[in-house]
Amino acid sequence: MAAYDFNDLKTKYSAFQKPIAVLRMADKDVGGKNGYPISDVEIDLTCGYEASVAEFSLYKVYNKAADCFEVTDALKKYIALGAKTEIALGYGTLAQLVFVGVVTRVSYRYDAEEIPCIRVCAMDVKGVMMAGSYSRQLTAASYAAAVKEILMKNAYAGMQSSGIIRGIQVTDTPDQSAPVPAGETTVTDRSVEMAAESDYEFVVRAAKRYNYEFFTECGTVLFRKAKADKGVRIAISSESGLYHLDISYDVTGLVNKVTVRAVDAGKAKVISSGAKNRASLPAKAKALLKGSEKVCIDASAVSVEETGYRADSLMENISYRYGSLECEVQGLPEYLPGYFVEMTGVGGGADNKFYITRAVHKLSKEGRYTVKLEGKACGENDSSVTNVQGSMGGLF
C-alpha cells in the first residue's frame with residue numbers, strides 16, 4: 001500500500017477544482033484582496049545535485065496611464081533580490097507547501113500584445129551556496145561532520161533564523177567511525193580540506209564520494225544516502241490522473257561489473273574493490289553484458305573501504321540507467337523528488353517502481369495544475385522497495 005491514495009487526495013483537494021498558488025514573500029502574502037495576481041507558476045524540484053528553481057509572474061504592476069511599471073514600496077520588498085520566497089500549491093482553500101528559497105532574478109516584461117508583468121525567479125539554498133571559493137582546513141574529521149560545519153556558517157545560520165532553511169538533516173558518512181590509523185594520535189590529524197571550491201561544490205563532492213544525495217525539501221536541507229526512503233509514495237495509473245506516459249528500458253551503457261582502483265601510498269601497493277550490476281535484466285540482456293567491466297582510477301581513495309564506497313556508487317548510478325520514466329500527472333503537492341512511485345495497471349514492463357529525481361509543478365495562466373515527473377528504475381523487480389508512510393512538507 002502506498003503512502004498516499006489518489007482517491008483520498010481527490011477528496012482532500014475538493015475533486016481538484018479551482019487550482020491555487022499561495023505565494024508568501026518576505027513573510028507576507030503577496031496575493032489576496034490588495035495583492036498582485038500570480039500566474040504562470042513553474043517549480044522545478046530535484047533531488048539531484050542541481051538547485052531547485054521556482055518561477056512565477058506578478059501582474060497589476062503596470063500603470064497604463066503613466067505607461068510605465070509601477071513599483072510601489074510594498075512591491076519592492078517582495079521582489080528584492082534575496083527576499084524569502086515560499087510557494088504552496090493546491091485546490092480551493094487548501095494549499096500545501098512545495099518550495100522555499102530566495103529571489104535570485106527579477107525580469108520586467110512588456111509586450112504590446114500581452115499584459116505587462118514582472119517575472120520572478122527564486123532558488124533554494126543551493127543557489128546561495130554556489131557563490132564564493134575557499135581553500136581551507138576544516139575542523140571536521142569526517143565528511144558528514146564537514147557538511148554540518150559548513151551549514152553552521154553565519155550565512156546559513158541567518159537563513160535558519162529567518163526560516164529560509166527550515167531544518168538540516170545530515171546522515172553520518174561511512175568515515176564517521178573510521179579507526180585512527182597507526183601512528184596517528186587523533187582524528188583531527190585527518191581533518192577534511194576544501195580546495196578552491198564553493199560550499200556547494202564541496203558538499204556535492206562529499207555526496208558523490210559516498211553515493212549520497214544533497215537536496216532540499218520544502219526548506220529542509222538533506223544530505224543522506226541515495227534512495228534512502230524506500231517507501232512508495234503514490235501509485236500512478238490511468239485512473240489516477242495520468243495524462244502522458246513514456247517508460248523505456250535501455251541496456252546501452254550498462255556493464256556487468258565496476259572496479260575502482262587506487263594506491264595505498266603508505267604501503268606502496270594498488271588497492272581495489274568491485275561491485276556487480278543490480279539491475280534485474282532479461283536473460284538475453286544479461287548475455288550481452290557478460291564479462292563487461294568499467295574500471296575507474298580514484299586518486300582520492302586511500303583505503304579498500306573507500307574504493308568499495310566508490311564502486312557501489314558508480315554501479316548504482318549505472319544500474320539505474322536501465323529504466324527511465326517521464327510522465328505528466330494531475331497536479332498534487334505530494335509529488336516530490338526523492339521518493340519512489342509505483343506505476344500500476346498500465347501493463348507489460350511499464351508496471352514498475354520508479355525513483356523520482358525531478359518533479360516540475362506547473363500552474364498555467366489558464367488555471368491548469370499539472371506535474372511532470374522524471375524517474376529511473378534499477379530493474380523490473382526491485383525487491384529493495386517497500387511500502388511505508390512518507391513525510392510531507394508543512395502547511396503555511
# chains A, B, ... in the order shown; residues from 1 in each chain; ligands from 1
$ closest_atom_pairs --of "region 63-120 of chain A" --to "region 147-161 of chain A" --cutoff "12 Å" --atoms "only C-alpha atoms" --output "CSV"
residue,atom,partner,partner_atom,distance
A:Gly82,CA,A:Met159,CA,10.5
A:Ala83,CA,A:Met159,CA,10.8
A:Lys84,CA,A:Met159,CA,9.1
A:Thr85,CA,A:Met159,CA,12.0
A:Val100,CA,A:Met159,CA,11.2
A:Gly101,CA,A:Met159,CA,9.8
A:Val102,CA,A:Met159,CA,9.8
$ select_by_dssp --residues "region 137-299 of chain A" --states "strand (DSSP E or B)" --output "PyMOL selection string"
chain A and resi 137+167-170+193-197+212-217+220-225+231-236+242-249+257-264+269-276+293-297
$ residues_around --residues "Tyr36 (chain A)" --least-positions-apart "2" --cutoff "10 Å" --atoms "only C-alpha atoms" --output "compact mmCIF listing (two decimals) with N, CA and C atoms, in the first residue's frame"
# COMPACT_ATOMS: atom_id res chain seq x y z
N LEU A 23 1.42 32.47 -2.55
CA LEU A 23 2.78 32.98 -2.57
C LEU A 23 3.02 33.87 -1.37
N ASP A 29 1.95 37.68 2.59
CA ASP A 29 1.21 37.14 1.45
C ASP A 29 1.19 38.16 0.33
N VAL A 30 1.58 37.72 -0.85
CA VAL A 30 1.64 38.63 -2.00
C VAL A 30 0.27 38.75 -2.66
N GLY A 31 -0.50 37.66 -2.67
CA GLY A 31 -1.82 37.70 -3.28
C GLY A 31 -2.84 38.34 -2.37
N GLY A 32 -4.06 37.89 -2.50
CA GLY A 32 -5.11 38.43 -1.64
C GLY A 32 -5.82 39.61 -2.27
N LYS A 33 -6.73 40.21 -1.49
CA LYS A 33 -7.59 41.28 -1.98
C LYS A 33 -6.81 42.47 -2.51
N ASN A 34 -5.78 42.88 -1.81
CA ASN A 34 -4.99 44.04 -2.22
C ASN A 34 -3.62 43.66 -2.76
N ILE A 38 -1.06 36.27 -9.36
CA ILE A 38 0.08 35.40 -9.63
C ILE A 38 -0.32 34.42 -10.73
N SER A 39 0.56 34.20 -11.69
CA SER A 39 0.25 33.28 -12.77
C SER A 39 1.54 32.68 -13.31
N SER A 57 4.94 34.80 -12.38
CA SER A 57 4.71 36.16 -12.88
C SER A 57 3.76 36.90 -11.96
N LEU A 58 4.06 38.19 -11.72
CA LEU A 58 3.21 39.07 -10.94
C LEU A 58 2.56 40.09 -11.88
N TYR A 59 1.24 40.24 -11.76
CA TYR A 59 0.52 41.18 -12.61
C TYR A 59 -0.01 42.36 -11.79
N LYS A 60 -0.72 43.28 -12.45
CA LYS A 60 -1.17 44.55 -11.84
C LYS A 60 0.03 45.37 -11.37
N VAL A 61 1.11 45.30 -12.13
CA VAL A 61 2.33 46.02 -11.78
C VAL A 61 2.66 47.11 -12.80
N LEU A 75 5.78 46.50 -3.17
CA LEU A 75 6.27 45.58 -4.19
C LEU A 75 7.79 45.44 -4.14
$ residues_around --residues "region 370-378 of chain A" --least-positions-apart "2" --cutoff "8 Å" --atoms "only C-alpha atoms" --output "PyMOL selection string"
chain A and resi 278-280+319-332+335+352-363+368+380+382
$ write_last_selection --atoms "C-alpha atoms" --output "CSV table (one decimal), in the first residue's frame"
chain,number,residue,atom,x,y,z
A,278,ARG,CA,22.0,-4.7,-9.6
A,279,ALA,CA,19.5,-4.4,-12.5
A,280,SER,CA,17.0,-7.3,-13.0
A,319,SER,CA,22.2,0.2,-12.8
A,320,TYR,CA,19.5,2.9,-12.5
A,321,ARG,CA,20.1,3.9,-16.1
A,322,TYR,CA,18.2,0.8,-17.1
A,323,GLY,CA,14.7,2.1,-16.7
A,324,SER,CA,13.5,5.7,-17.2
A,325,LEU,CA,10.2,7.4,-16.6
A,326,GLU,CA,8.7,10.6,-18.0
A,327,CYS,CA,5.1,11.3,-17.3
A,328,GLU,CA,2.6,14.1,-16.8
A,329,VAL,CA,0.0,13.7,-14.0
A,330,GLN,CA,-2.7,15.6,-12.2
A,331,GLY,CA,-1.2,18.3,-10.1
A,332,LEU,CA,-0.6,17.3,-6.5
A,335,TYR,CA,4.6,14.7,-5.8
A,352,ASN,CA,7.2,-0.9,-12.2
A,353,LYS,CA,8.6,1.2,-9.3
A,354,PHE,CA,10.5,4.3,-10.2
A,355,TYR,CA,12.6,6.7,-8.1
A,356,ILE,CA,11.5,10.3,-8.8
A,357,THR,CA,14.5,12.5,-9.5
A,358,ARG,CA,12.6,15.6,-10.8
A,359,ALA,CA,9.1,16.9,-10.3
A,360,VAL,CA,8.1,20.1,-12.2
A,361,HIS,CA,4.9,21.6,-10.9
A,362,LYS,CA,3.1,23.9,-13.3
A,363,LEU,CA,0.1,26.2,-12.8
A,368,ARG,CA,-4.4,24.1,-15.1
A,380,GLU,CA,11.6,-4.7,-13.4
A,382,ASP,CA,13.4,-4.0,-7.5
$ closest_residue --among "A:Lys77, A:Lys64, A:His244, A:Arg166" --to "Pro116 (chain A)" --atoms "only C-alpha atoms"
A:Lys64
$ atom_distance --atom1 "CA of Lys227 (chain A)" --atom2 "CA of Tyr369 (chain A)"
27.3 Å
$ residues_around --residues "region 119-136 of chain A" --least-positions-apart "3" --cutoff "6 Å" --atoms "only C-alpha atoms" --output "ChimeraX atom specification"
/A:51-57,101-107,193-200
$ write_last_selection --atoms "N, CA and C atoms" --output "short mmCIF file (atom, residue, chain, number, x, y, z; two decimals), in the first residue's frame"
data_model
loop_
_atom_site.label_atom_id
_atom_site.label_comp_id
_atom_site.auth_asym_id
_atom_site.auth_seq_id
_atom_site.Cartn_x
_atom_site.Cartn_y
_atom_site.Cartn_z
N ALA A 51 20.33 22.93 -8.22
CA ALA A 51 19.40 23.63 -7.33
C ALA A 51 17.97 23.49 -7.82
N SER A 52 17.01 23.55 -6.91
CA SER A 52 15.60 23.61 -7.28
C SER A 52 15.25 25.08 -7.55
N VAL A 53 14.39 25.29 -8.55
CA VAL A 53 14.10 26.65 -9.02
C VAL A 53 12.59 26.85 -9.13
N ALA A 54 12.14 28.05 -8.77
CA ALA A 54 10.73 28.41 -8.92
C ALA A 54 10.64 29.72 -9.71
N GLU A 55 9.70 29.78 -10.64
CA GLU A 55 9.46 31.00 -11.41
C GLU A 55 7.97 31.29 -11.43
N PHE A 56 7.62 32.57 -11.41
CA PHE A 56 6.22 32.97 -11.45
C PHE A 56 6.14 34.42 -11.93
N SER A 57 4.94 34.80 -12.38
CA SER A 57 4.71 36.16 -12.88
C SER A 57 3.76 36.90 -11.96
N GLY A 101 12.72 29.27 -0.83
CA GLY A 101 14.01 29.74 -1.35
C GLY A 101 14.13 31.24 -1.26
N VAL A 102 14.98 31.80 -2.11
CA VAL A 102 15.19 33.25 -2.12
C VAL A 102 15.14 33.75 -3.56
N VAL A 103 14.76 35.00 -3.74
CA VAL A 103 14.71 35.62 -5.07
C VAL A 103 16.13 35.80 -5.60
N THR A 104 16.37 35.30 -6.81
CA THR A 104 17.70 35.43 -7.42
C THR A 104 17.67 36.23 -8.72
N ARG A 105 16.49 36.38 -9.33
CA ARG A 105 16.41 37.15 -10.57
C ARG A 105 15.03 37.78 -10.71
N VAL A 106 14.99 39.03 -11.19
CA VAL A 106 13.74 39.75 -11.44
C VAL A 106 13.77 40.31 -12.85
N SER A 107 12.74 40.00 -13.65
CA SER A 107 12.67 40.47 -15.03
C SER A 107 11.39 41.28 -15.24
N GLU A 193 39.61 18.91 4.09
CA GLU A 193 40.02 20.17 3.50
C GLU A 193 39.10 20.57 2.35
N MET A 194 38.95 21.88 2.18
CA MET A 194 38.31 22.44 1.00
C MET A 194 39.43 22.96 0.10
N ALA A 195 39.34 22.65 -1.18
CA ALA A 195 40.41 23.02 -2.11
C ALA A 195 39.86 23.84 -3.27
N ALA A 196 39.91 25.17 -3.14
CA ALA A 196 39.45 26.08 -4.19
C ALA A 196 38.07 25.70 -4.71
N GLU A 197 37.11 25.62 -3.81
CA GLU A 197 35.76 25.23 -4.19
C GLU A 197 34.74 25.97 -3.32
N SER A 198 33.55 26.11 -3.86
CA SER A 198 32.47 26.74 -3.10
C SER A 198 31.90 25.75 -2.11
N ASP A 199 31.07 26.26 -1.20
CA ASP A 199 30.39 25.36 -0.25
C ASP A 199 29.57 24.32 -1.00
N TYR A 200 28.90 24.76 -2.05
CA TYR A 200 28.09 23.85 -2.87
C TYR A 200 28.96 22.77 -3.49
#
$ residues_around --residues "region 3-17 of chain A" --least-positions-apart "2" --cutoff "12 Å" --atoms "only C-alpha atoms" --output "ChimeraX atom specification"
/A:1,19-20,89-96,229-242,329-335,339-342,367-370,386-392
$ write_last_selection --atoms "C-alpha atoms" --output "compact mmCIF listing (two decimals), in the first residue's frame"
# COMPACT_ATOMS: atom_id res chain seq x y z
CA MET A 1 0.00 0.00 0.00
CA PRO A 19 -6.24 25.16 -8.55
CA ILE A 20 -4.48 27.80 -6.47
CA LEU A 89 0.03 24.74 -4.31
CA GLY A 90 -3.35 23.09 -4.02
CA TYR A 91 -7.04 23.46 -4.73
CA GLY A 92 -9.91 25.51 -3.35
CA THR A 93 -8.83 26.79 0.05
CA LEU A 94 -6.21 24.13 0.77
CA ALA A 95 -2.60 24.66 -0.33
CA GLN A 96 0.44 22.58 0.60
CA ASP A 229 13.47 6.41 1.57
CA LYS A 230 12.32 3.08 0.12
CA GLY A 231 8.62 3.74 0.61
CA VAL A 232 6.23 4.02 -2.33
CA ARG A 233 4.71 7.49 -2.06
CA ILE A 234 1.88 7.30 -4.62
CA ALA A 235 0.59 4.67 -7.04
CA ILE A 236 0.02 6.05 -10.55
CA SER A 237 -2.37 4.57 -13.09
CA SER A 238 -4.59 5.61 -15.99
CA GLU A 239 -7.37 6.02 -13.42
CA SER A 240 -5.39 8.26 -11.10
CA GLY A 241 -4.72 11.40 -13.07
CA LEU A 242 -2.22 10.12 -15.66
CA VAL A 329 0.02 13.71 -14.00
CA GLN A 330 -2.72 15.55 -12.16
CA GLY A 331 -1.16 18.30 -10.08
CA LEU A 332 -0.58 17.28 -6.46
CA PRO A 333 1.74 18.94 -3.93
CA GLU A 334 2.58 15.45 -2.65
CA TYR A 335 4.61 14.71 -5.78
CA TYR A 339 10.64 9.14 -3.30
CA PHE A 340 9.51 6.05 -5.18
CA VAL A 341 6.23 5.94 -7.10
CA GLU A 342 4.60 2.81 -8.47
CA GLY A 367 -5.59 27.66 -14.37
CA ARG A 368 -4.45 24.09 -15.10
CA TYR A 369 -2.25 22.41 -12.49
CA THR A 370 -0.07 19.51 -13.64
CA THR A 386 8.87 -1.47 0.31
CA ASN A 387 5.68 0.38 1.11
CA VAL A 388 5.91 2.72 4.09
CA GLN A 389 4.44 6.07 5.08
CA GLY A 390 6.32 9.08 3.62
CA SER A 391 6.70 12.57 5.04
CA MET A 392 5.12 15.78 3.78
